[in-house]
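K.L.:
Sharing upload_28.cif, mmCIF, C-alpha atoms:
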```cif
data_model
#
loop_
_atom_site.label_atom_id
_atom_site.label_comp_id
_atom_site.auth_asym_id
_atom_site.auth_seq_id
_atom_site.Cartn_x
_atom_site.Cartn_y
_atom_site.Cartn_z
CA MET A 21 0.00 0.00 0.00
CA SER A 22 2.81 2.42 0.85
CA ASN A 23 4.23 1.79 -2.62
CA LEU A 24 0.98 2.95 -4.23
CA VAL A 25 1.18 6.23 -2.33
CA SER A 26 4.76 6.71 -3.52
CA TYR A 27 3.71 5.95 -7.08
CA LEU A 28 1.13 8.77 -6.99
CA PHE A 29 4.03 11.17 -6.52
CA LYS A 30 6.48 9.34 -8.77
CA THR A 31 4.09 9.38 -11.74
CA ASN A 32 3.03 12.99 -11.10
CA ALA A 33 -0.52 11.78 -10.42
CA PHE A 34 -0.77 13.98 -7.32
CA LYS A 35 -0.55 17.71 -8.04
CA VAL A 36 -0.99 20.62 -5.64
CA CYS A 37 -2.29 23.93 -7.00
CA PRO A 38 -0.22 27.12 -7.19
CA ASP A 39 -1.13 29.88 -4.73
CA ASN A 40 -4.69 31.20 -5.19
CA LYS A 41 -5.35 28.94 -8.17
CA PRO A 42 -7.37 25.95 -6.98
CA PHE A 43 -8.31 23.28 -9.49
CA TRP A 44 -11.81 22.84 -10.91
CA TYR A 45 -13.36 19.41 -10.40
CA THR A 46 -15.93 17.72 -12.64
CA SER A 47 -18.59 18.17 -9.95
CA GLY A 48 -18.36 21.96 -10.16
CA LYS A 49 -16.45 22.22 -6.89
CA ILE A 50 -12.87 23.40 -6.46
CA GLY A 51 -9.91 22.17 -4.47
CA PRO A 52 -6.19 22.63 -3.77
CA TYR A 53 -5.01 19.42 -5.39
CA PHE A 54 -5.72 17.33 -8.42
CA ILE A 55 -5.41 13.60 -8.81
CA ASN A 56 -4.75 12.07 -12.22
CA ALA A 57 -5.13 8.47 -11.07
CA HIS A 58 -4.75 7.22 -14.65
CA PHE A 59 -1.08 8.33 -14.51
CA LEU A 60 -0.61 5.16 -12.44
CA TYR A 61 -0.65 3.51 -15.86
CA GLY A 62 3.08 4.02 -15.42
CA SER A 63 3.78 7.64 -16.25
CA GLU A 64 2.06 10.84 -17.30
CA GLU A 65 3.40 10.47 -20.83
CA SER A 66 2.17 6.91 -21.35
CA ALA A 67 -1.21 7.72 -19.76
CA VAL A 68 -1.76 10.77 -21.99
CA GLU A 69 -0.78 8.72 -25.02
CA PHE A 70 -3.23 5.96 -24.08
CA LEU A 71 -6.03 8.47 -23.49
CA SER A 72 -5.42 9.92 -26.96
CA PHE A 73 -5.60 6.40 -28.39
CA ILE A 74 -8.98 5.85 -26.70
CA ASP A 75 -10.27 9.15 -28.09
CA LEU A 76 -9.28 8.12 -31.61
CA GLU A 77 -10.90 4.70 -31.33
CA LYS A 78 -13.92 5.23 -29.07
CA ASP A 79 -16.48 5.54 -31.88
CA LYS A 80 -15.69 1.94 -32.89
CA LYS A 81 -17.54 0.66 -29.84
CA LEU A 82 -17.44 -3.05 -30.68
CA GLU A 83 -13.71 -3.03 -31.46
CA LEU A 84 -12.55 -0.77 -28.66
CA PRO A 85 -12.62 -3.10 -25.60
CA LYS A 86 -10.26 -5.67 -27.18
CA LYS A 87 -7.90 -2.88 -28.25
CA ILE A 88 -7.92 -1.47 -24.72
CA LEU A 89 -7.21 -4.89 -23.23
CA ASP A 90 -4.31 -5.47 -25.64
CA LYS A 91 -2.77 -2.12 -24.68
CA THR A 92 -3.24 -2.55 -20.94
CA LEU A 93 -2.01 -6.15 -20.99
CA ALA A 94 1.17 -5.10 -22.79
CA GLN A 95 1.67 -2.30 -20.25
CA TYR A 96 0.99 -4.71 -17.38
CA ASN A 97 3.72 -7.02 -18.66
CA ASN A 98 6.23 -4.21 -19.20
CA ASN A 99 5.67 -1.57 -16.51
CA ALA A 100 6.37 -2.40 -12.87
CA ILE A 101 4.29 0.46 -11.44
CA TYR A 102 1.15 -0.37 -13.41
CA LYS A 103 1.57 -4.09 -12.72
CA GLU A 104 1.78 -3.50 -8.98
CA VAL A 105 -1.32 -1.27 -9.01
CA ILE A 106 -3.34 -3.89 -10.90
CA ASP A 107 -2.03 -6.75 -8.76
CA GLU A 108 -2.95 -4.78 -5.62
CA MET A 109 -6.46 -4.26 -6.95
CA ILE A 110 -6.91 -7.94 -7.85
CA SER A 111 -5.66 -8.96 -4.41
CA PHE A 112 -8.03 -6.49 -2.72
CA ILE A 113 -11.01 -7.75 -4.73
CA LYS A 114 -10.27 -11.39 -3.95
CA THR A 115 -9.81 -10.59 -0.25
CA ASN A 116 -12.84 -8.34 0.25
CA PHE A 117 -15.45 -9.57 -2.24
CA ASN A 118 -16.87 -12.99 -3.08
CA VAL A 119 -15.55 -13.24 -6.65
CA ASP A 120 -17.91 -16.13 -7.42
CA GLU A 121 -20.86 -13.75 -6.96
CA ILE A 122 -19.54 -11.22 -9.48
CA ASP A 123 -21.29 -11.70 -12.83
CA TYR A 124 -19.76 -8.75 -14.67
CA VAL A 125 -17.08 -6.09 -14.24
CA SER A 126 -17.91 -2.62 -15.57
CA GLY A 127 -15.97 0.54 -16.34
CA GLY A 128 -17.03 3.94 -17.61
CA GLU A 129 -15.67 6.12 -20.42
CA ARG A 130 -12.72 6.86 -20.38
CA ARG A 131 -10.33 6.69 -17.46
CA ASP A 132 -12.03 3.73 -15.77
CA TRP A 133 -10.92 1.67 -18.76
CA PHE A 134 -7.28 2.04 -17.73
CA PHE A 135 -8.16 -0.42 -14.95
CA SER A 136 -11.53 -2.12 -15.52
CA ASP A 137 -10.80 -4.10 -18.69
CA ILE A 138 -7.65 -5.76 -17.43
CA VAL A 139 -9.23 -6.44 -14.01
CA ALA A 140 -12.14 -8.20 -15.74
CA TYR A 141 -9.68 -10.21 -17.84
CA LEU A 142 -7.56 -11.26 -14.85
CA LEU A 143 -10.67 -12.20 -12.85
CA GLY A 144 -12.09 -14.14 -15.81
CA LYS A 145 -15.28 -12.06 -15.88
CA PRO A 146 -17.16 -10.50 -18.82
CA HIS A 147 -16.78 -6.73 -19.08
CA ILE A 148 -19.35 -3.98 -19.59
CA SER A 149 -17.98 -0.83 -21.24
CA ILE A 150 -20.27 2.10 -20.43
CA PHE A 151 -20.10 5.17 -22.66
CA LYS A 152 -20.95 8.72 -21.68
CA ASP A 153 -24.15 8.56 -23.75
CA LEU A 154 -25.18 5.66 -21.43
CA SER A 155 -24.91 3.10 -24.22
CA SER A 156 -22.83 0.03 -23.45
CA VAL A 157 -21.18 -3.01 -24.99
CA VAL A 158 -20.39 -6.34 -23.35
CA SER A 159 -17.17 -8.31 -23.88
CA THR A 160 -16.47 -11.98 -23.16
CA PRO A 161 -13.94 -12.69 -20.36
CA ASP A 162 -11.12 -13.07 -22.91
CA PHE A 163 -12.40 -10.06 -24.93
CA SER A 164 -12.49 -12.17 -28.10
CA GLU A 165 -16.07 -11.03 -28.73
CA THR A 166 -17.89 -7.79 -27.93
CA VAL A 167 -21.62 -7.33 -28.54
CA VAL A 168 -24.49 -5.01 -27.70
CA LYS A 169 -26.76 -6.48 -25.03
CA THR A 170 -29.93 -4.94 -23.68
CA ASP A 171 -30.96 -7.47 -21.05
CA LEU A 172 -28.73 -8.49 -18.16
CA GLN A 173 -31.66 -8.91 -15.80
CA GLY A 174 -30.62 -9.63 -12.23
CA LYS A 175 -26.88 -9.70 -12.91
CA LYS A 176 -24.50 -8.44 -10.22
CA VAL A 177 -21.80 -6.00 -11.29
CA LEU A 178 -18.46 -4.84 -9.85
CA HIS A 179 -17.64 -1.34 -11.10
CA VAL A 180 -13.93 -0.51 -11.36
CA ALA A 181 -12.90 3.15 -11.56
CA ASP A 182 -9.80 5.28 -11.39
CA LEU A 183 -10.98 7.59 -8.60
CA ILE A 184 -13.98 8.88 -6.70
CA THR A 185 -14.76 12.38 -5.40
CA VAL A 186 -18.46 12.87 -4.65
CA ALA A 187 -19.63 9.98 -6.88
CA SER A 188 -21.25 12.33 -9.41
CA SER A 189 -20.20 10.16 -12.38
CA TYR A 190 -21.68 7.11 -10.71
CA VAL A 191 -25.01 8.80 -9.99
CA ARG A 192 -25.21 10.60 -13.33
CA ALA A 193 -24.02 7.83 -15.65
CA TRP A 194 -22.59 4.53 -14.43
CA ILE A 195 -25.41 3.41 -12.12
CA PRO A 196 -28.20 4.38 -14.60
CA GLY A 197 -26.22 2.78 -17.43
CA ILE A 198 -26.07 -0.55 -15.63
CA GLN A 199 -29.67 -0.32 -14.43
CA ALA A 200 -30.78 0.24 -18.04
CA LEU A 201 -29.52 -3.28 -18.71
CA GLY A 202 -31.55 -4.70 -15.82
CA ALA A 203 -28.40 -5.27 -13.76
CA GLU A 204 -27.15 -3.64 -10.55
CA ILE A 205 -23.79 -2.37 -9.34
CA ILE A 206 -23.29 -4.29 -6.09
CA TRP A 207 -19.60 -3.51 -5.53
CA SER A 208 -17.23 -0.68 -6.39
CA ILE A 209 -13.45 -0.48 -6.24
CA VAL A 210 -11.50 2.65 -7.13
CA VAL A 211 -7.78 3.25 -7.13
CA VAL A 212 -7.98 6.62 -5.34
CA ASP A 213 -10.57 8.05 -2.95
CA ARG A 214 -10.38 11.82 -2.57
CA MET A 215 -12.18 11.43 0.76
CA GLN A 216 -14.95 13.86 -0.16
CA GLY A 217 -17.90 11.63 0.56
CA GLY A 218 -18.12 9.59 -2.63
CA VAL A 219 -17.59 6.19 -1.03
CA GLU A 220 -20.11 7.03 1.69
CA ARG A 221 -22.62 8.16 -0.95
CA LEU A 222 -22.29 4.85 -2.78
CA LYS A 223 -22.70 2.94 0.48
CA SER A 224 -25.91 4.89 1.15
CA LEU A 225 -27.12 3.57 -2.23
CA GLY A 226 -26.40 0.00 -1.15
CA ILE A 227 -23.10 -0.38 -3.02
CA ASP A 228 -20.18 -2.03 -1.20
CA ALA A 229 -17.57 0.61 -2.06
CA HIS A 230 -13.82 0.58 -1.41
CA SER A 231 -10.56 2.24 -2.49
CA LEU A 232 -6.88 1.34 -2.56
CA VAL A 233 -5.51 4.77 -1.61
CA GLN A 234 -7.10 7.54 0.45
CA ILE A 235 -6.09 11.19 0.08
CA ALA A 236 -5.63 12.04 3.76
CA PRO A 237 -3.23 13.81 6.17
CA ASP A 238 -0.77 10.93 6.39
CA MET A 239 -0.37 11.11 2.62
CA PHE A 240 0.19 14.89 2.77
CA LYS A 241 2.83 14.33 5.44
CA LYS A 242 4.61 11.88 3.15
CA ALA A 243 4.57 14.45 0.34
CA LEU A 244 6.00 17.06 2.72
CA ASP A 245 8.74 14.69 3.88
CA LEU A 246 9.64 13.96 0.25
CA GLY A 247 9.93 17.67 -0.50
CA ILE A 248 7.07 17.54 -3.01
CA ILE A 249 4.95 20.15 -1.21
CA THR A 250 5.74 23.12 1.04
CA GLU A 251 4.67 23.69 4.65
CA GLU A 252 2.10 26.21 3.38
CA GLN A 253 0.66 23.71 0.91
CA ASN A 254 0.57 21.03 3.60
CA GLU A 255 -1.39 23.41 5.85
CA LEU A 256 -3.88 24.17 3.06
CA LEU A 257 -4.30 20.47 2.23
CA ASN A 258 -5.04 19.65 5.85
CA LYS A 259 -7.55 22.51 6.16
CA PHE A 260 -9.25 21.30 3.00
CA TYR A 261 -9.33 17.74 4.30
CA LYS A 262 -11.02 18.82 7.55
CA ASP A 263 -13.52 21.20 5.92
CA PRO A 264 -13.41 21.15 2.10
CA ASP A 265 -16.53 23.25 1.49
CA GLY A 266 -15.75 25.76 4.23
CA THR A 267 -12.14 26.18 3.10
CA MET A 268 -13.07 26.73 -0.55
CA ARG A 269 -16.06 28.94 0.33
CA GLN A 270 -13.70 31.19 2.28
CA PHE A 271 -11.36 31.29 -0.72
CA LEU A 272 -14.18 32.30 -3.10
CA VAL A 273 -15.39 35.02 -0.73
CA GLU A 274 -11.86 36.39 -0.48
CA HIS A 275 -11.21 36.04 -4.24
CA PRO A 276 -14.44 36.90 -6.13
CA GLU A 277 -12.40 37.41 -9.30
CA PHE A 278 -11.71 33.65 -9.40
CA LEU A 279 -15.29 32.81 -10.43
CA GLU A 280 -15.48 35.79 -12.77
CA ASN A 281 -12.33 34.69 -14.59
CA ALA A 282 -13.53 31.08 -14.75
CA LEU A 283 -16.63 32.16 -16.67
CA LYS A 284 -14.34 33.68 -19.32
CA ALA A 285 -11.98 30.69 -19.52
CA ASP A 286 -11.94 27.57 -21.70
CA GLU A 287 -15.16 25.61 -22.31
CA LYS A 288 -14.49 22.92 -19.71
CA THR A 289 -13.81 25.51 -16.99
CA VAL A 290 -16.91 27.51 -17.95
CA VAL A 291 -19.11 24.42 -17.64
CA ARG A 292 -17.72 23.63 -14.20
CA ALA A 293 -18.00 27.22 -13.02
CA ARG A 294 -21.65 27.30 -14.09
CA LEU A 295 -22.29 24.07 -12.20
CA CYS A 296 -20.81 25.72 -9.14
CA ILE A 297 -22.86 28.91 -9.48
CA GLU A 298 -26.18 27.44 -10.61
CA GLY A 299 -26.02 24.72 -7.99
CA ASN A 300 -25.00 27.25 -5.34
CA LEU A 301 -22.43 24.67 -4.24
CA TYR A 302 -20.74 27.00 -1.77
CA ASN A 303 -23.82 28.86 -0.54
CA LEU A 304 -22.64 32.14 -2.01
CA ASN A 305 -26.06 33.44 -3.10
#
```
Could you quickly redo this structure as structure tokens?

P.N.:
Amino acid sequence: MSNLVSYLFKTNAFKVCPDNKPFWYTSGKIGPYFINAHFLYGSEESAVEFLSFIDLEKDKKLELPKKILDKTLAQYNNNAIYKEVIDEMISFIKTNFNVDEIDYVSGGERRDWFFSDIVAYLLGKPHISIFKDLSSVVSTPDFSETVVKTDLQGKKVLHVADLITVASSYVRAWIPGIQALGAEIIWSIVVVDRMQGGVERLKSLGIDAHSLVQIAPDMFKKALDLGIITEEQNELLNKFYKDPDGTMRQFLVEHPEFLENALKADEKTVVRARLCIEGNLYNLN
């Protein structure tokens, strides 16, 4: 487990924001650090390259899962960091879940696929690839065949993801996508938990949810000891951990220009800023 924490730093998967420039999250909230869990594929460079490959191929829905498996299997056999992450996940699943009860493994577009396909393959389970439009395709355990299925009535699913924040992707897409097939997500395993309530939210929905690594004070201390973050950053990270909404609300009150500038930024930032404002996520109205 300690190795996985070190790998977050080694692969540049854990980034702390510059002063007064918190990161925007998909949920519309902001925070002082960003986790690119898919960098645990081995390196930032290889992860970015693989993500570009998925983007080029993702419209070929029936061909994509096998191509993803081939890529991840080659990486698994050639990259020690990625292999250890996957092996840790397989070990955790076999220790904490009854594998015989798992009918399918699922993963959502796009970053879940860095982990879900190869986990399904190594467990010998068929895989459900869920796309952002809520369509899905189902692959055999060896990925030799991928088809469209509409009825998986009563099947029990393990969802594998890269990370979890507040479980917005689950609630918005992955859970409805699986339910549309007549199946249910019974278990969830993510590589990284940002410790912002996502796992608890899934548990409240009846999903047995777990993570390999938790973003928490002991991890910040390790980053400080390694010289990756400063004392000031460590203090901010700990404040955010104890009271994420309160810490970021205070920041927005003290820096009103941050939201104003976000609404004039790139499209992705604008969308997230609007989510923040329209949802009144920090009770600023």

K.L.:
Have a look at CA of Glu108 (chain A) and CA of Gly197 (chain A) and let me know their distance in Å, one decimal.

P.N.:
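Spanning CA of Glu108 (chain A) to CA of Gly197 (chain A) is a straight-line distance of 27.2 Å.
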
K.L.:
Please list as number ranges by chain every residue within 12 Å of region 77-84 of chain A, counting only C-alpha atoms and excluding residues in the same chain fewer than 2 positions away.

P.N.:
A: 70-75, 86-91, 128-130, 133, 137, 148-153, 155-160, 163-169

K.L.:
Give me, as an MDAnalysis selection string, all polymer residues having an atom no more than 10 Å from region 278-280 of chain A, counting all atoms listed in the file and skipping those fewer than 6 positions away in the same chain.

P.N.:
chainID A and resid 40:42 271:272 289:290 293:294 296:297

K.L.:
Would you translate the PyMOL selection byres ((chain A and resi 172) around 12) into the concrete set of residues it matches in this file, as a PyMOL selection string?

P.N.:
chain A and resi 123-124+146+148+156-158+168-171+173-177+197-205

K.L.:
How would the residues just chosen look if you wrote them out with C-alpha atoms as a CSV table (one decimal), in the coordinates of the input?

P.N.:
```csv
chain,number,residue,atom,x,y,z
A,123,ASP,CA,-21.3,-11.7,-12.8
A,124,TYR,CA,-19.8,-8.8,-14.7
A,146,PRO,CA,-17.2,-10.5,-18.8
A,148,ILE,CA,-19.4,-4.0,-19.6
A,156,SER,CA,-22.8,0.0,-23.4
A,157,VAL,CA,-21.2,-3.0,-25.0
A,158,VAL,CA,-20.4,-6.3,-23.4
A,168,VAL,CA,-24.5,-5.0,-27.7
A,169,LYS,CA,-26.8,-6.5,-25.0
A,170,THR,CA,-29.9,-4.9,-23.7
A,171,ASP,CA,-31.0,-7.5,-21.0
A,173,GLN,CA,-31.7,-8.9,-15.8
A,174,GLY,CA,-30.6,-9.6,-12.2
A,175,LYS,CA,-26.9,-9.7,-12.9
A,176,LYS,CA,-24.5,-8.4,-10.2
A,177,VAL,CA,-21.8,-6.0,-11.3
A,197,GLY,CA,-26.2,2.8,-17.4
A,198,ILE,CA,-26.1,-0.6,-15.6
A,199,GLN,CA,-29.7,-0.3,-14.4
A,200,ALA,CA,-30.8,0.2,-18.0
A,201,LEU,CA,-29.5,-3.3,-18.7
A,202,GLY,CA,-31.6,-4.7,-15.8
A,203,ALA,CA,-28.4,-5.3,-13.8
A,204,GLU,CA,-27.2,-3.6,-10.6
A,205,ILE,CA,-23.8,-2.4,-9.3
```

K.L.:
Measuring atom to atom with all atoms listed in the file, identify which of A:Ser208, A:Ser189, A:Ser126, A:Asn56 is nearest to Ala229 (chain A).

P.N.:
A:Ser208

K.L.:
Quick one: residues within 12 Å of Leu232 (chain A), all atoms listed in the file counted, chain neighbours fewer than 2 positions away excluded, as an mmCIF file with C-alpha atoms, keeping the file's coordinate frame?

P.N.:
```
data_model
loop_
_atom_site.group_PDB
_atom_site.id
_atom_site.type_symbol
_atom_site.label_atom_id
_atom_site.label_comp_id
_atom_site.auth_asym_id
_atom_site.auth_seq_id
_atom_site.Cartn_x
_atom_site.Cartn_y
_atom_site.Cartn_z
ATOM 1 C CA MET A 21 0.000 0.000 0.000
ATOM 2 C CA SER A 22 2.810 2.420 0.850
ATOM 3 C CA ASN A 23 4.230 1.790 -2.620
ATOM 4 C CA LEU A 24 0.980 2.950 -4.230
ATOM 5 C CA VAL A 25 1.180 6.230 -2.330
ATOM 6 C CA LEU A 28 1.130 8.770 -6.990
ATOM 7 C CA ALA A 57 -5.130 8.470 -11.070
ATOM 8 C CA GLU A 104 1.780 -3.500 -8.980
ATOM 9 C CA VAL A 105 -1.320 -1.270 -9.010
ATOM 10 C CA ILE A 106 -3.340 -3.890 -10.900
ATOM 11 C CA ASP A 107 -2.030 -6.750 -8.760
ATOM 12 C CA GLU A 108 -2.950 -4.780 -5.620
ATOM 13 C CA MET A 109 -6.460 -4.260 -6.950
ATOM 14 C CA ILE A 110 -6.910 -7.940 -7.850
ATOM 15 C CA SER A 111 -5.660 -8.960 -4.410
ATOM 16 C CA PHE A 112 -8.030 -6.490 -2.720
ATOM 17 C CA ILE A 113 -11.010 -7.750 -4.730
ATOM 18 C CA ASN A 116 -12.840 -8.340 0.250
ATOM 19 C CA VAL A 180 -13.930 -0.510 -11.360
ATOM 20 C CA ALA A 181 -12.900 3.150 -11.560
ATOM 21 C CA ASP A 182 -9.800 5.280 -11.390
ATOM 22 C CA LEU A 183 -10.980 7.590 -8.600
ATOM 23 C CA ILE A 184 -13.980 8.880 -6.700
ATOM 24 C CA SER A 208 -17.230 -0.680 -6.390
ATOM 25 C CA ILE A 209 -13.450 -0.480 -6.240
ATOM 26 C CA VAL A 210 -11.500 2.650 -7.130
ATOM 27 C CA VAL A 211 -7.780 3.250 -7.130
ATOM 28 C CA VAL A 212 -7.980 6.620 -5.340
ATOM 29 C CA ASP A 213 -10.570 8.050 -2.950
ATOM 30 C CA ARG A 214 -10.380 11.820 -2.570
ATOM 31 C CA MET A 215 -12.180 11.430 0.760
ATOM 32 C CA VAL A 219 -17.590 6.190 -1.030
ATOM 33 C CA ALA A 229 -17.570 0.610 -2.060
ATOM 34 C CA HIS A 230 -13.820 0.580 -1.410
ATOM 35 C CA GLN A 234 -7.100 7.540 0.450
ATOM 36 C CA ILE A 235 -6.090 11.190 0.080
#
```

K.L.:
What does the structure give for the distance between CA of His58 (chain A) and CA of Phe34 (chain A), in Å to one decimal?

P.N.:
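Between these atoms lies a distance of 10.7 Å.
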
K.L.:
Give the answer as one residue: which of A:Phe260, A:Trp207, A:Leu154, A:Trp44 has the shortest atom-to-atom distance to Glu121 (chain A), using all atoms listed in the file?

P.N.:
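Using all atoms listed in the file, the shortest distance to Glu121 (chain A) belongs to A:Trp207.
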
K.L.:
Applied to the shown file, which residues does the PyMOL selection byres ((chain A and resi 221) around 12) return, written as a VMD selection string?

P.N.:
chain A and resid 184 to 191 208 215 to 220 222 to 230
